[in-house]
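> Please see the structure below; I have some questions.
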Amino acid sequence: MSELRAERTPPAGAPRGSGEGGRHLVAVLALPGFPPFELGIPSRVFGSAVDESGEALYEVVVCTADGGPVPSDSGFVLQPAAGPEALAAADTVIVPPTHAMPELVLGGPLPPEVAAAIAGIRPGARLVSICTGSYVLAAAGLLDGRPATTHWNLAPEFRRAYPRVRVDEDVLFVDDGDVLTSAGVSAGVDLCLHLIRRDHGVAVTNRAARMCVVPPWRDGGQAQYIDRPVPEPTVATTTATRAWALERLAEPIALAELAAHARMSLRTFTRRFRDEVGMTPVQWLTAQRLEIARNLLESSDLPVDLVAHRSGFGSANSLRQHMRSALGISPIGYRRTFRMTPEVIDRAAAG
């Protein structure tokens with residue numbers, strides 16, 4: 001199973017899955033010592049993903065390795081809805097963290113019932129970990145030779161325990177096709193939203209994010225928030241400049257203009273921007289413009305040239321290069337994948 005690799009270009013929507021009514025079935029594996037917040041992320045986020053008619057796009061079930069109850073790390077016991085049979089049927093399997101398997105920190109084996117349950121996951125299922133759930137996937141050999149992430153504070157010991165995993169602790173999540181890993185807590189929200197976007201596009205993701213009252217997008221390559229103190233009230237920040245830039249994304253914006261608006265030197269502005277946002281000003285501008293372009297490609301019939309102009313890329317060729325670099329797909333290909341015209345909807349309903 002660890003050798004299965006999906007294409008990295010976004011698929012043409014989530015396929016009809018194994019859940020009720022053909023919905024994509026997401027199984028969340030609750031392990032002993034699970035933190036309740038992280039366990040609840042998939043149910044909350046995927047449960048908020050609906051189509052234009054309000055129909056749920058995912059079915060989420062919480063299960064355990066043997067079907068029995070498991071203790072949380074917060075003083076209560078969870079009675080699951082299902083056992084390992086849910087993992088065998090799932091289209092996506094999500095492994096939240098556990099605080100009760102210290103042997104994994106040293107690279108030790110999985111408990112037999114957990115190993116058996118994971119071995120029963122069907123070929124082709126998408127595998128996802130949140131925070132230290134990556135230890136479980138690594139112990140099962142599913143991350144060998146792959147890029148992955150985990151909580152930044154545990155990355156050194158993770159690297160020692162599982163040297164065959166290519167660990168990157170500086171990102172929020174890693175999408176390696178059929179295996180995806182995220183950093184701590186809120187990065188799990190980001191990864192779930194990323195999967196919805198990959199399956200169904202921007203509009204569905206934005207609706208789900210609004211329901212959860214969270215930002216709809218933080219790039220997986222954005223740095224984890226590592227030892228970044230909140231600036232003192234007397235220290236200037238880049239917040240106002242970012243808001244100013246967001247209103248002018250269709251126009252050329254030079255780094256010098258951003259620094260001048262913030263009333264900082266180029267060097268100070270660049271350093272402070274990266275400290276606050278986790279990426280350079282140029283990377284941030286590109287990401288915001290890509291978001292506009294994706295929305296326009298999904299929600300309008302504008303020619304690609306005009307989409308490029310309105311999103312600030314200037315030319316169709318520039319937009320094409322940035323989309324291929326970031327998403328592995330052309331603007332036309334992206335529109336074909338995610339634009340649900342009435343004709344497409346009718347064909348899907350008839351099929």
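Simple scheme: letters A, B, ... for chains in structure tokens order, numbers from 1 for residues in each chain, numbers from 1 for ligands in the order shown.
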Just want the 8 Å neighbourhood of Gly19 of chain A, counted on only C-alpha atoms, with same-chain residues fewer than 3 positions away dropped. Output as a PyMOL selection string.
chain A and resi 22-25+58-59+90
> Would you mind exporting the chosen residues as an mmCIF file, in the first residue's frame, restricted to N, CA and C atoms?

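Saved to selection_27.cif:
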```cif
data_model
loop_
_atom_site.group_PDB
_atom_site.id
_atom_site.type_symbol
_atom_site.label_atom_id
_atom_site.label_comp_id
_atom_site.auth_asym_id
_atom_site.auth_seq_id
_atom_site.Cartn_x
_atom_site.Cartn_y
_atom_site.Cartn_z
ATOM 1 N N GLY A 22 -23.618 7.017 -1.967
ATOM 2 C CA GLY A 22 -22.460 7.211 -2.826
ATOM 3 C C GLY A 22 -21.533 8.315 -2.382
ATOM 4 N N ARG A 23 -21.742 8.825 -1.154
ATOM 5 C CA ARG A 23 -20.854 9.885 -0.664
ATOM 6 C C ARG A 23 -19.467 9.331 -0.362
ATOM 7 N N HIS A 24 -18.480 10.193 -0.458
ATOM 8 C CA HIS A 24 -17.098 9.844 -0.139
ATOM 9 C C HIS A 24 -17.020 9.513 1.348
ATOM 10 N N LEU A 25 -16.563 8.315 1.675
ATOM 11 C CA LEU A 25 -16.536 7.855 3.062
ATOM 12 C C LEU A 25 -15.187 8.167 3.701
ATOM 13 N N TYR A 58 -19.681 14.299 1.927
ATOM 14 C CA TYR A 58 -18.877 13.294 2.615
ATOM 15 C C TYR A 58 -19.698 12.653 3.724
ATOM 16 N N GLU A 59 -19.384 11.410 3.998
ATOM 17 C CA GLU A 59 -19.880 10.734 5.200
ATOM 18 C C GLU A 59 -18.672 10.460 6.080
ATOM 19 N N ALA A 90 -13.365 2.561 3.700
ATOM 20 C CA ALA A 90 -13.217 4.013 3.541
ATOM 21 C C ALA A 90 -12.524 4.406 2.249
#
```
> Using DSSP on the backbone, list every residue of segment 41-257 of chain A that comes out as strand (DSSP E), and give them as an MDAnalysis selection string.
chainID A and resid 58:63 70:71 77:78 92:95 126:130 147:148 166:167 173:175 179:182
> Between atom CA of Leu255 of chain A and atom CA of Gln321 of chain A, what is the distance in Å, rounded to a tenth?
20.9 Å
> Identify, on the basis of only C-alpha atoms, every residue whose closest approach to His261 of chain A does not exceed 9 Å; exclude the query and any residue fewer than 6 positions from it along the same chain; express the result as JSON, numbers by chain.
{"A": [240, 241, 244]}
> Name the residues of segment 204-301 of chain A that fall into helix (DSSP H, G or I) according to DSSP on the backbone, using the chain letters and numbers of this document, as a PyMOL selection string.
chain A and resi 204-212+239-246+255-262+266-277+281-299
> Could you list, with a cut-off of 10 Å and counting only C-alpha atoms, the residues of segment 112-223 of chain A near segment 29-40 of chain A, each shown with its nearest atom pair and the distance in Å rounded to one decimal, rows sorted by chain and ascending number, as JSON lines?

```
{"residue": "A:Val114", "atom": "CA", "partner": "A:Leu31", "partner_atom": "CA", "distance": 8.4}
{"residue": "A:Ala117", "atom": "CA", "partner": "A:Leu29", "partner_atom": "CA", "distance": 9.4}
{"residue": "A:Ile118", "atom": "CA", "partner": "A:Leu29", "partner_atom": "CA", "distance": 9.4}
{"residue": "A:Ser129", "atom": "CA", "partner": "A:Leu29", "partner_atom": "CA", "distance": 9.9}
{"residue": "A:Ile130", "atom": "CA", "partner": "A:Glu38", "partner_atom": "CA", "distance": 7.3}
{"residue": "A:Cys131", "atom": "CA", "partner": "A:Glu38", "partner_atom": "CA", "distance": 8.4}
{"residue": "A:Gly133", "atom": "CA", "partner": "A:Leu31", "partner_atom": "CA", "distance": 9.4}
{"residue": "A:Val136", "atom": "CA", "partner": "A:Leu31", "partner_atom": "CA", "distance": 9.8}
{"residue": "A:Gly184", "atom": "CA", "partner": "A:Glu38", "partner_atom": "CA", "distance": 8.7}
{"residue": "A:Val185", "atom": "CA", "partner": "A:Glu38", "partner_atom": "CA", "distance": 6.1}
{"residue": "A:Ser186", "atom": "CA", "partner": "A:Glu38", "partner_atom": "CA", "distance": 8.4}
{"residue": "A:Ala187", "atom": "CA", "partner": "A:Glu38", "partner_atom": "CA", "distance": 9.9}
{"residue": "A:Gly188", "atom": "CA", "partner": "A:Glu38", "partner_atom": "CA", "distance": 7.4}
{"residue": "A:Val189", "atom": "CA", "partner": "A:Glu38", "partner_atom": "CA", "distance": 8.8}
```
> Mind writing the picked residues with N, CA and C atoms as a compact mmCIF listing (two decimals), in the first residue's frame?

```
# COMPACT_ATOMS: atom_id res chain seq x y z
N VAL A 114 -3.85 -2.43 16.09
CA VAL A 114 -3.75 -1.25 15.23
C VAL A 114 -3.08 -1.62 13.91
N ALA A 117 -5.57 -3.44 11.78
CA ALA A 117 -6.60 -2.56 11.24
C ALA A 117 -6.07 -1.75 10.06
N ILE A 118 -4.86 -1.24 10.21
CA ILE A 118 -4.27 -0.43 9.13
C ILE A 118 -3.94 -1.31 7.93
N SER A 129 -2.75 11.97 7.98
CA SER A 129 -2.47 12.07 9.42
C SER A 129 -2.55 13.52 9.86
N ILE A 130 -2.95 13.70 11.10
CA ILE A 130 -2.97 15.02 11.73
C ILE A 130 -1.96 15.00 12.86
N CYS A 131 -1.04 15.95 12.85
CA CYS A 131 -0.04 16.09 13.90
C CYS A 131 0.73 14.77 14.08
N GLY A 133 -0.23 11.87 14.43
CA GLY A 133 -0.77 10.71 13.73
C GLY A 133 0.22 10.20 12.69
N VAL A 136 1.99 6.99 13.50
CA VAL A 136 1.28 5.74 13.22
C VAL A 136 1.51 5.31 11.77
N GLY A 184 0.66 20.43 13.58
CA GLY A 184 -0.19 20.39 14.76
C GLY A 184 -1.51 21.14 14.63
N VAL A 185 -2.52 20.63 15.29
CA VAL A 185 -3.82 21.22 15.57
C VAL A 185 -4.44 21.90 14.35
N SER A 186 -4.32 23.25 14.24
CA SER A 186 -5.04 23.97 13.19
C SER A 186 -4.57 23.58 11.80
N ALA A 187 -3.35 23.07 11.67
CA ALA A 187 -2.90 22.59 10.36
C ALA A 187 -3.74 21.42 9.89
N GLY A 188 -4.33 20.67 10.82
CA GLY A 188 -5.26 19.62 10.44
C GLY A 188 -6.50 20.18 9.78
N VAL A 189 -6.96 21.33 10.24
CA VAL A 189 -8.08 22.02 9.59
C VAL A 189 -7.68 22.41 8.17
```
> How close does each residue of segment 66-151 of chain A get to segment 174-179 of chain A, giving the shortest atom pair and distance in Å to one decimal for every residue with an atom at most 8 Å away, counting only C-alpha atoms, sorted by chain and residue number, as JSON lines?

```
{"residue": "A:Gly124", "atom": "CA", "partner": "A:Asp178", "partner_atom": "CA", "distance": 7.5}
{"residue": "A:Ala125", "atom": "CA", "partner": "A:Asp178", "partner_atom": "CA", "distance": 7.3}
{"residue": "A:Arg126", "atom": "CA", "partner": "A:Asp178", "partner_atom": "CA", "distance": 4.8}
{"residue": "A:Leu127", "atom": "CA", "partner": "A:Val179", "partner_atom": "CA", "distance": 4.7}
{"residue": "A:Val128", "atom": "CA", "partner": "A:Val179", "partner_atom": "CA", "distance": 5.9}
{"residue": "A:Leu143", "atom": "CA", "partner": "A:Val179", "partner_atom": "CA", "distance": 7.9}
{"residue": "A:Arg146", "atom": "CA", "partner": "A:Asp176", "partner_atom": "CA", "distance": 7.5}
{"residue": "A:Pro147", "atom": "CA", "partner": "A:Asp176", "partner_atom": "CA", "distance": 7.0}
{"residue": "A:Ala148", "atom": "CA", "partner": "A:Val174", "partner_atom": "CA", "distance": 5.7}
{"residue": "A:Thr149", "atom": "CA", "partner": "A:Val174", "partner_atom": "CA", "distance": 6.3}
```
> Choose the residue, out of A:Thr132, A:Thr238, A:Thr205, A:Thr181, that has the smallest atom-to-atom separation from Leu57 of chain A; count only C-alpha atoms.
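Residue with the minimum atom-to-atom distance to Leu57 of chain A: A:Thr205.
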> What's the 10 Å shell around Pro42 of chain A, counting only C-alpha atoms, without same-chain residues fewer than 6 positions away, as a list of chain:residue names?
A:Val26, A:Ala27, A:Val28, A:Ser48, A:Val60, A:Val61, A:Val62, A:Ile94, A:Val95, A:Pro96, A:Ile130, A:Gly188, A:Val189, A:Leu191, A:Cys192, A:Leu193
> Determine, counting only C-alpha atoms, which protein, DNA and RNA residues have an atom within 12 Å of an atom of segment 298-305 of chain A; residues of the same chain fewer than 4 positions away are not included. Present the result as a ChimeraX atom specification.
/A:197,200-204,291-294,309-320,323,330-341
> Using C-alpha atoms, can you write the selected residues to a file as a short mmCIF file (atom, residue, chain, number, x, y, z; two decimals), in the first residue's frame?

```cif
data_model
loop_
_atom_site.label_atom_id
_atom_site.label_comp_id
_atom_site.auth_asym_id
_atom_site.auth_seq_id
_atom_site.Cartn_x
_atom_site.Cartn_y
_atom_site.Cartn_z
CA ARG A 197 -10.60 21.89 -2.48
CA HIS A 200 -14.57 19.79 -5.25
CA GLY A 201 -12.88 23.14 -5.87
CA VAL A 202 -12.92 26.59 -4.36
CA ALA A 203 -16.64 27.30 -4.02
CA VAL A 204 -17.41 24.19 -1.92
CA GLU A 291 -6.79 32.24 -5.24
CA ILE A 292 -8.54 34.96 -7.27
CA ALA A 293 -7.70 33.19 -10.54
CA ARG A 294 -9.08 29.89 -9.27
CA HIS A 309 -5.44 40.41 -15.94
CA ARG A 310 -8.01 40.57 -13.13
CA SER A 311 -5.93 38.36 -10.86
CA GLY A 312 -2.80 40.43 -11.38
CA PHE A 313 -0.72 38.01 -13.44
CA GLY A 314 -0.78 40.30 -16.46
CA SER A 315 -0.81 37.64 -19.17
CA ALA A 316 -2.26 34.22 -19.83
CA ASN A 317 1.25 32.83 -20.17
CA SER A 318 2.23 34.11 -16.71
CA LEU A 319 -0.95 32.67 -15.17
CA ARG A 320 -0.34 29.37 -16.95
CA MET A 323 -0.73 27.46 -12.06
CA SER A 330 -3.22 24.66 -16.73
CA PRO A 331 -5.98 27.30 -16.36
CA ILE A 332 -8.07 25.52 -19.03
CA GLY A 333 -7.51 22.18 -17.36
CA TYR A 334 -8.47 23.61 -13.98
CA ARG A 335 -11.66 25.12 -15.37
CA ARG A 336 -12.55 21.84 -17.08
CA THR A 337 -12.01 20.00 -13.80
CA PHE A 338 -13.95 22.22 -11.44
CA ARG A 339 -16.44 24.23 -13.49
CA MET A 340 -19.81 22.58 -12.91
CA THR A 341 -22.01 23.87 -15.73
#
```
